[in-house]
Amino acid sequence: MDYKISGYKPAQLFHFFEEISAIPRGSGNEMQISNYLVSFAEERNLWYHQDSSYNVIIKKEGSKNAESLPSVMLQGHIDMVCEKHNSIDHDFTQDGLELFIRDGVLFANGTTLGADNGVAVALMLMVLDDKDIVHPPLECVFTTAEEVGLLGAKALDKSLLTARTMINLDSEEEGIATVSCAGGVRIELTKEVKRQSVSGTLLHISIKGLLGGHSGSDIHKERHNANLLMARMCCRLMEETNGQLVRFIGGNKDNAIPRECEAALVYTNAEEAHKAEETARQLICQFQEEILSDEPDFSSTLTAEKNCLVSALDNKDSRSFLLAMYLAPNGVQKRNLKMNGFVVASSNLGVVKTQDDKLTIVFSPRSSVPSLLEELKAHFEILAETFGFNTEFIGEYPGWNYNENSAIRKVFQESYKELFKKPLKIEAIHAGLECGLFCNAIPDLDAIAVGPTILDCHTPQEHLPLDSFERFYQFLKDVLRRLAAKSHSPN
């Protein structure tokens, strides 16, 4: 393989990242990367287990004089969020990522980079491959379908694990250790509809250029949601003009804040079509005034196509569809003012699509307080009932509670202070992590989540500062050395 990353150590760590980046590994398409891990283990004569969900566990004996110590689990997920710019021709089911480096920072060309959580995969492969590293017995756990509800971690047979210390490698800021996270669920609202043939002027509207981001870790930034903006646009048009909704498509993943959305309405009357154009242009100007200071690349286009024969929704179904989005909880729902405004409940209007016979709206609510998550679920059930939608809850996962007496946290704090001469920050996050599932299944498990800096996750702007990745591996090596130097068990 022609490796592009050079000048960073150990070189093999970065080679592993490039190798897995060449393998398509979107959620639900993990067989190939899973088999790569199996081949890796077989080539090194390491114990491994691959299950029907394509999760993989690889175990490695402790280094000299550490063979009899308690095992330590390293864990991360092998799937990635597949987002791209509409202008990019890329098939995530077949194509590897096109990587490039700019000023020491790694990007992918027009797509997500998959550093979330490819860094974990590369780190574990490096630890398993490195013959000189000092470490206790290791259980490296590679899980699937994390980005669509932590499904692989749920399916994994955790009785295969003996470790009672867990190092999750899915945190995304160097110098910060995550010690608690939110729980969440995917909520799908669907409604069957019938269409009717209509001829007239087709008004196409697009919204694009929004920043987007992770619906958990970026939700506090109050970024604008393309689906919600478009729902606002279409609601106004249907109130003031006599048009029918033909198409509405926005967002690709429920856990990514939508950056782009497209809609189309048909008008049988030319005067009404002209009025709709004028109204839409006024709204675009309003949107620009409201959000350009926060979203500098926001743009919206408007085109009219005459003499079109299309299949349109009736006004009742259109109104129900648009109002359900317009009135749904979106963004931050509750903060803890005693914790500097830390978000404790949120919701993301992630995916919207009109099909020939069905309307679909997908939300991703989260909360670190179980009762608040239940309240959000109840809110969506009422919303669905009000507007005639069916509701399905998919992939619910638990939060992860803070452990006041975490021994592994103390080891990380000691190591970081000695290596970098400053304290390791300890934080809770509003995103979901697999730590909650493992801690629920293994009651005495002591867990922490760490990782190098990854920026703009779940967007085509995702990037990885390579020096952070390099430093983090040295940090992880030092922690494992410390764990191998003494018998380690959680308090």
# chains A, B, ... in the order shown; residues from 1 in each chain; ligands from 1
$ residues_around --residues "Ala226 in chain A" --least-positions-apart "5" --cutoff "7 Å" --atoms "only C-alpha atoms" --output "NGL selection string"
:A and (207 or 258-261)
$ write_last_selection --atoms "N, CA and C atoms" --output "PDB file, in the first residue's frame"
ATOM      1  N   ILE A 207     -31.552  23.943   0.738  1.00  0.00           N
ATOM      2  CA  ILE A 207     -30.796  24.583   1.816  1.00  0.00           C
ATOM      3  C   ILE A 207     -29.515  23.785   1.976  1.00  0.00           C
ATOM      4  N   PRO A 258     -28.494  17.891  10.589  1.00  0.00           N
ATOM      5  CA  PRO A 258     -28.573  17.995   9.124  1.00  0.00           C
ATOM      6  C   PRO A 258     -27.997  19.306   8.583  1.00  0.00           C
ATOM      7  N   ARG A 259     -27.163  19.168   7.553  1.00  0.00           N
ATOM      8  CA  ARG A 259     -26.533  20.316   6.911  1.00  0.00           C
ATOM      9  C   ARG A 259     -27.281  20.749   5.654  1.00  0.00           C
ATOM     10  N   GLU A 260     -28.008  19.798   5.030  1.00  0.00           N
ATOM     11  CA  GLU A 260     -28.638  20.072   3.735  1.00  0.00           C
ATOM     12  C   GLU A 260     -30.054  19.506   3.714  1.00  0.00           C
ATOM     13  N   CYS A 261     -30.923  20.145   2.927  1.00  0.00           N
ATOM     14  CA  CYS A 261     -32.295  19.665   2.772  1.00  0.00           C
ATOM     15  C   CYS A 261     -32.839  20.180   1.441  1.00  0.00           C
TER      16      CYS A 261
END
$ closest_atom_pairs --of "range 76-107 of chain A" --to "range 459-479 of chain A" --cutoff "12 Å" --atoms "only C-alpha atoms" --output "tab-separated table"
residue	atom	partner	partner_atom	distance
A:Met80	CA	A:Thr459	CA	11.1
A:Val81	CA	A:Thr459	CA	8.4
A:Cys82	CA	A:Thr459	CA	8.4
A:Glu83	CA	A:Thr459	CA	5.9
A:Lys84	CA	A:Pro460	CA	5.3
A:His85	CA	A:Pro460	CA	6.6
A:Asn86	CA	A:Pro460	CA	10.3
A:Ser87	CA	A:Pro460	CA	11.5
A:Ile88	CA	A:Pro460	CA	10.2
A:His90	CA	A:Pro460	CA	11.9
A:Leu97	CA	A:Pro460	CA	11.4
A:Glu98	CA	A:Pro460	CA	11.8
A:Leu99	CA	A:His463	CA	10.2
A:Phe100	CA	A:His463	CA	10.1
A:Ile101	CA	A:Leu466	CA	9.1
A:Arg102	CA	A:Pro465	CA	9.5
A:Asp103	CA	A:Pro465	CA	8.9
A:Gly104	CA	A:Leu466	CA	6.0
A:Val105	CA	A:Pro465	CA	4.3
A:Leu106	CA	A:Leu464	CA	5.1
A:Phe107	CA	A:His463	CA	4.9
$ write_last_selection --atoms "N, CA and C atoms" --output "PDB file, in the first residue's frame"
ATOM      1  N   MET A  80     -18.396   3.640  10.934  1.00  0.00           N
ATOM      2  CA  MET A  80     -18.242   5.080  10.861  1.00  0.00           C
ATOM      3  C   MET A  80     -19.511   5.711  10.281  1.00  0.00           C
ATOM      4  N   VAL A  81     -19.691   6.986  10.568  1.00  0.00           N
ATOM      5  CA  VAL A  81     -20.778   7.757   9.960  1.00  0.00           C
ATOM      6  C   VAL A  81     -20.377   8.101   8.527  1.00  0.00           C
ATOM      7  N   CYS A  82     -21.254   7.847   7.588  1.00  0.00           N
ATOM      8  CA  CYS A  82     -20.978   8.084   6.170  1.00  0.00           C
ATOM      9  C   CYS A  82     -21.712   9.333   5.695  1.00  0.00           C
ATOM     10  N   GLU A  83     -21.051  10.463   5.782  1.00  0.00           N
ATOM     11  CA  GLU A  83     -21.590  11.738   5.318  1.00  0.00           C
ATOM     12  C   GLU A  83     -20.670  12.292   4.235  1.00  0.00           C
ATOM     13  N   LYS A  84     -21.250  12.948   3.236  1.00  0.00           N
ATOM     14  CA  LYS A  84     -20.434  13.540   2.183  1.00  0.00           C
ATOM     15  C   LYS A  84     -21.137  14.778   1.628  1.00  0.00           C
ATOM     16  N   HIS A  85     -20.367  15.597   0.943  1.00  0.00           N
ATOM     17  CA  HIS A  85     -20.971  16.704   0.216  1.00  0.00           C
ATOM     18  C   HIS A  85     -21.716  16.139  -0.993  1.00  0.00           C
ATOM     19  N   ASN A  86     -22.847  16.729  -1.323  1.00  0.00           N
ATOM     20  CA  ASN A  86     -23.634  16.238  -2.456  1.00  0.00           C
ATOM     21  C   ASN A  86     -22.860  16.272  -3.767  1.00  0.00           C
ATOM     22  N   SER A  87     -21.893  17.156  -3.858  1.00  0.00           N
ATOM     23  CA  SER A  87     -21.117  17.287  -5.097  1.00  0.00           C
ATOM     24  C   SER A  87     -20.065  16.195  -5.263  1.00  0.00           C
ATOM     25  N   ILE A  88     -19.829  15.414  -4.205  1.00  0.00           N
ATOM     26  CA  ILE A  88     -18.789  14.385  -4.245  1.00  0.00           C
ATOM     27  C   ILE A  88     -19.367  13.062  -4.723  1.00  0.00           C
ATOM     28  N   HIS A  90     -19.019   9.510  -4.383  1.00  0.00           N
ATOM     29  CA  HIS A  90     -18.394   8.536  -3.490  1.00  0.00           C
ATOM     30  C   HIS A  90     -19.442   7.535  -3.028  1.00  0.00           C
ATOM     31  N   LEU A  97     -11.738   5.573   1.600  1.00  0.00           N
ATOM     32  CA  LEU A  97     -11.662   7.023   1.768  1.00  0.00           C
ATOM     33  C   LEU A  97     -10.443   7.571   1.045  1.00  0.00           C
ATOM     34  N   GLU A  98     -10.593   8.768   0.512  1.00  0.00           N
ATOM     35  CA  GLU A  98      -9.475   9.450  -0.155  1.00  0.00           C
ATOM     36  C   GLU A  98      -8.880  10.444   0.845  1.00  0.00           C
ATOM     37  N   LEU A  99      -7.760  10.047   1.451  1.00  0.00           N
ATOM     38  CA  LEU A  99      -7.162  10.837   2.513  1.00  0.00           C
ATOM     39  C   LEU A  99      -6.200  11.882   1.947  1.00  0.00           C
ATOM     40  N   PHE A 100      -6.109  13.017   2.651  1.00  0.00           N
ATOM     41  CA  PHE A 100      -5.065  13.986   2.320  1.00  0.00           C
ATOM     42  C   PHE A 100      -4.687  14.744   3.590  1.00  0.00           C
ATOM     43  N   ILE A 101      -3.475  15.294   3.565  1.00  0.00           N
ATOM     44  CA  ILE A 101      -2.931  15.998   4.731  1.00  0.00           C
ATOM     45  C   ILE A 101      -2.755  17.468   4.382  1.00  0.00           C
ATOM     46  N   ARG A 102      -3.207  18.335   5.287  1.00  0.00           N
ATOM     47  CA  ARG A 102      -3.002  19.764   5.133  1.00  0.00           C
ATOM     48  C   ARG A 102      -2.504  20.340   6.449  1.00  0.00           C
ATOM     49  N   ASP A 103      -1.285  20.840   6.436  1.00  0.00           N
ATOM     50  CA  ASP A 103      -0.685  21.464   7.631  1.00  0.00           C
ATOM     51  C   ASP A 103      -0.712  20.523   8.832  1.00  0.00           C
ATOM     52  N   GLY A 104      -0.364  19.262   8.593  1.00  0.00           N
ATOM     53  CA  GLY A 104      -0.277  18.306   9.688  1.00  0.00           C
ATOM     54  C   GLY A 104      -1.601  17.765  10.178  1.00  0.00           C
ATOM     55  N   VAL A 105      -2.664  18.037   9.420  1.00  0.00           N
ATOM     56  CA  VAL A 105      -4.006  17.598   9.805  1.00  0.00           C
ATOM     57  C   VAL A 105      -4.546  16.675   8.717  1.00  0.00           C
ATOM     58  N   LEU A 106      -5.123  15.553   9.122  1.00  0.00           N
ATOM     59  CA  LEU A 106      -5.630  14.557   8.185  1.00  0.00           C
ATOM     60  C   LEU A 106      -7.105  14.789   7.898  1.00  0.00           C
ATOM     61  N   PHE A 107      -7.465  14.801   6.604  1.00  0.00           N
ATOM     62  CA  PHE A 107      -8.839  14.959   6.143  1.00  0.00           C
ATOM     63  C   PHE A 107      -9.157  13.835   5.160  1.00  0.00           C
TER      64      PHE A 107
END
$ residues_around --residues "Ser68 in chain A" --least-positions-apart "4" --cutoff "9 Å" --atoms "only C-alpha atoms" --output "PyMOL selection string"
chain A and resi 61-62+136-137+487
$ closest_atom_pairs --of "range 134-237 of chain A" --to "range 366-376 of chain A" --cutoff "10 Å" --atoms "only C-alpha atoms" --output "JSON lines"
{"residue": "A:Ser180", "atom": "CA", "partner": "A:Ser368", "partner_atom": "CA", "distance": 8.5}
{"residue": "A:Cys181", "atom": "CA", "partner": "A:Ser368", "partner_atom": "CA", "distance": 6.4}
{"residue": "A:Ala182", "atom": "CA", "partner": "A:Ser368", "partner_atom": "CA", "distance": 4.0}
{"residue": "A:Gly183", "atom": "CA", "partner": "A:Ser367", "partner_atom": "CA", "distance": 5.5}
{"residue": "A:Gly184", "atom": "CA", "partner": "A:Arg366", "partner_atom": "CA", "distance": 4.2}
{"residue": "A:Val185", "atom": "CA", "partner": "A:Arg366", "partner_atom": "CA", "distance": 6.8}
{"residue": "A:Arg186", "atom": "CA", "partner": "A:Arg366", "partner_atom": "CA", "distance": 9.1}
{"residue": "A:Ser215", "atom": "CA", "partner": "A:Arg366", "partner_atom": "CA", "distance": 9.0}
{"residue": "A:Gly216", "atom": "CA", "partner": "A:Arg366", "partner_atom": "CA", "distance": 7.5}
$ residues_around --residues "Cys457 in chain A" --least-positions-apart "4" --cutoff "7 Å" --atoms "only C-alpha atoms" --output "PyMOL selection string"
chain A and resi 116+213-214+462
$ write_last_selection --atoms "C-alpha atoms" --output "PDB file, in the first residue's frame"
ATOM      1  CA  ASP A 116     -14.576   8.433  14.878  1.00  0.00           C
ATOM      2  CA  GLY A 213     -22.143  18.258  13.562  1.00  0.00           C
ATOM      3  CA  HIS A 214     -22.608  15.480  16.098  1.00  0.00           C
ATOM      4  CA  GLU A 462     -14.050  15.851  10.039  1.00  0.00           C
TER       5      GLU A 462
END
